[in-house]
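These notes concern the structure reproduced below.
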Amino acid sequence: MKPRKKIDNEKYTDEELKQALIKANGQPTKAAEILGVTYPSVYGRIRKNPELEIVQKAYRARTFNDVSNLVSAIAIIGVIREPLTDEEGTVIPNQFREVVVDQKTRMTAMQTVLSTFKTDEGIKEEVSVQGSIDIAQWLKNNSKSND
């Protein structure tokens, strides 16, 4: 969906905002761009409508889960699949190469991404842990000797 030209902040429907939030993965800033309106208008409308707030939180949570699963896999495995491209830079479908990611980069990326995608239902400041694991030692013991 192409962004519209700037329109009066109140001249879009809740349904249009809902669809924009879905396309923007729950990000109000991106939804505002899609609708061609201001962020304060979108944010205010979301806060006034419980259904829109539910849509926003649900799509943010889904994005958080997708990203955290990806980051966790990279942190544990130590390899990321990078898409191959042709000479023009176009991605070749279903063609990848494996790229080794060192342990320090994996841990830094995991912290950065997970804090960036914090959500109401996702990560919380406090965590209840049953038992414990030294993740750095586990990764060292279970990763390939690529680091």
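Please note that chains go A, B, ... in the order of the structure tokens, that every chain numbers its residues from 1, and that ligands are numbered from 1 in the order shown.
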Task: Selection: 7 Å around segment 104-106 of chain A, only C-alpha atoms, excl. self and same-chain fewer than 3 positions, as a PyMOL selection string - done: chain A and resi 74-75+101+109-110
Writer output for current selection, N, CA and C atoms, as a short mmCIF file (atom, residue, chain, number, x, y, z; two decimals), in the first residue's frame:
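And here is the file that came out, again_25.cif:
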data_model
loop_
_atom_site.label_atom_id
_atom_site.label_comp_id
_atom_site.auth_asym_id
_atom_site.auth_seq_id
_atom_site.Cartn_x
_atom_site.Cartn_y
_atom_site.Cartn_z
N ILE A 74 19.97 -17.77 16.31
CA ILE A 74 21.30 -17.30 15.89
C ILE A 74 22.27 -17.39 17.07
N ALA A 75 21.80 -16.98 18.27
CA ALA A 75 22.68 -17.00 19.44
C ALA A 75 23.12 -18.42 19.77
N VAL A 101 28.61 -16.27 12.94
CA VAL A 101 28.50 -15.08 13.78
C VAL A 101 29.20 -15.39 15.10
N ALA A 109 23.89 -8.66 19.94
CA ALA A 109 22.70 -8.56 19.08
C ALA A 109 21.45 -8.99 19.83
N MET A 110 21.57 -10.07 20.59
CA MET A 110 20.40 -10.56 21.32
C MET A 110 19.91 -9.50 22.31
#
TODO: Would you list the contacts of segment 82-86 of chain A as a PyMOL selection string, taking every protein, DNA or RNA residue within 12 Å and counting only C-alpha atoms, but skipping same-chain residues closer than 2 positions in sequence?
DONE: chain A and resi 74+79-80+88-101
Task: Among the residues A:Val113, A:Ile77, A:Ala31, A:Met107, the one that comes closest to Ile46 of chain A [using only C-alpha atoms] - done: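 Of all the options, A:Ala31 lies closest to Ile46 of chain A.
Note that atom CA of Tyr39 of chain A and atom CA of Ile54 of chain A are 17.8 Å apart.
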Taking the DSSP assignment computed from this structure's backbone, write out as an mmCIF file with C-alpha atoms, in the first residue's frame all residues of segment 45-118 of chain A that belong to helix (DSSP H, G or I).
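Dumped everything to out_11.cif:
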data_model
loop_
_atom_site.group_PDB
_atom_site.id
_atom_site.type_symbol
_atom_site.label_atom_id
_atom_site.label_comp_id
_atom_site.auth_asym_id
_atom_site.auth_seq_id
_atom_site.Cartn_x
_atom_site.Cartn_y
_atom_site.Cartn_z
ATOM 1 C CA ARG A 45 -6.944 7.408 18.061
ATOM 2 C CA ILE A 46 -5.405 4.111 19.234
ATOM 3 C CA ARG A 47 -5.647 5.162 22.895
ATOM 4 C CA LYS A 48 -9.310 6.143 22.472
ATOM 5 C CA PRO A 50 -9.718 -0.400 22.783
ATOM 6 C CA GLU A 51 -10.023 -2.529 19.621
ATOM 7 C CA LEU A 52 -7.236 -0.580 17.912
ATOM 8 C CA GLU A 53 -5.081 -0.885 21.025
ATOM 9 C CA ILE A 54 -5.603 -4.669 21.004
ATOM 10 C CA VAL A 55 -4.608 -4.844 17.312
ATOM 11 C CA GLN A 56 -1.503 -2.739 17.962
ATOM 12 C CA LYS A 57 -0.391 -4.865 20.926
ATOM 13 C CA ALA A 58 -1.128 -8.148 19.146
ATOM 14 C CA TYR A 59 0.933 -7.275 16.075
ATOM 15 C CA ARG A 60 3.775 -5.861 18.181
ATOM 16 C CA ALA A 61 3.779 -9.061 20.250
ATOM 17 C CA ARG A 62 3.821 -11.205 17.103
ATOM 18 C CA THR A 63 6.759 -9.253 15.729
ATOM 19 C CA PHE A 64 8.545 -9.548 19.079
ATOM 20 C CA ASN A 65 8.046 -13.330 19.100
ATOM 21 C CA ASP A 66 9.315 -13.698 15.526
ATOM 22 C CA VAL A 67 12.387 -11.576 16.221
ATOM 23 C CA SER A 68 13.176 -13.192 19.571
ATOM 24 C CA ASN A 69 12.926 -16.679 18.039
ATOM 25 C CA LEU A 70 15.281 -15.675 15.243
ATOM 26 C CA VAL A 71 17.773 -14.031 17.583
ATOM 27 C CA SER A 72 17.680 -17.007 19.956
ATOM 28 C CA ALA A 73 18.389 -19.419 17.122
ATOM 29 C CA ILE A 74 21.301 -17.301 15.894
ATOM 30 C CA ALA A 75 22.680 -17.004 19.443
ATOM 31 C CA ILE A 76 22.562 -20.749 20.000
ATOM 32 C CA ILE A 77 23.618 -21.975 16.561
ATOM 33 C CA GLN A 103 29.762 -15.286 20.271
ATOM 34 C CA LYS A 104 30.288 -11.663 21.365
ATOM 35 C CA THR A 105 28.300 -10.369 18.381
ATOM 36 C CA ARG A 106 25.518 -12.895 19.055
ATOM 37 C CA MET A 107 25.166 -11.839 22.696
ATOM 38 C CA THR A 108 25.262 -8.121 21.863
ATOM 39 C CA ALA A 109 22.701 -8.557 19.082
ATOM 40 C CA MET A 110 20.403 -10.560 21.324
ATOM 41 C CA GLN A 111 20.430 -7.870 24.035
ATOM 42 C CA THR A 112 19.930 -5.056 21.530
ATOM 43 C CA VAL A 113 17.122 -6.670 19.567
ATOM 44 C CA LEU A 114 15.199 -7.904 22.570
ATOM 45 C CA SER A 115 15.360 -4.522 24.317
ATOM 46 C CA THR A 116 14.352 -2.785 21.082
#
Open item on the list: Among segment 22-123 of chain A, which residues does DSSP mark as strand (DSSP E) when it is run on the backbone? Keep the chain and numbering as in the structure and answer as a ChimeraX atom specification.
Closed with: /A:79-85,91-100
Write out the residues from the selection above, keeping C-alpha atoms, as a short mmCIF file (atom, residue, chain, number, x, y, z; two decimals), in the first residue's frame.
data_model
loop_
_atom_site.label_atom_id
_atom_site.label_comp_id
_atom_site.auth_asym_id
_atom_site.auth_seq_id
_atom_site.Cartn_x
_atom_site.Cartn_y
_atom_site.Cartn_z
CA VAL A 79 25.22 -19.20 12.03
CA ILE A 80 22.85 -17.04 10.02
CA ARG A 81 21.57 -17.82 6.54
CA GLU A 82 22.21 -14.87 4.25
CA PRO A 83 20.22 -14.65 1.00
CA LEU A 84 22.28 -14.78 -2.17
CA THR A 85 21.88 -12.03 -4.76
CA VAL A 91 17.67 -11.67 -4.04
CA ILE A 92 17.71 -15.16 -5.54
CA PRO A 93 14.75 -17.10 -4.10
CA ASN A 94 15.65 -20.03 -1.82
CA GLN A 95 19.40 -19.50 -2.25
CA PHE A 96 21.45 -18.86 0.91
CA ARG A 97 24.96 -19.02 2.26
CA GLU A 98 25.83 -19.68 5.88
CA VAL A 99 27.64 -16.89 7.70
CA VAL A 100 29.33 -17.58 11.03
#
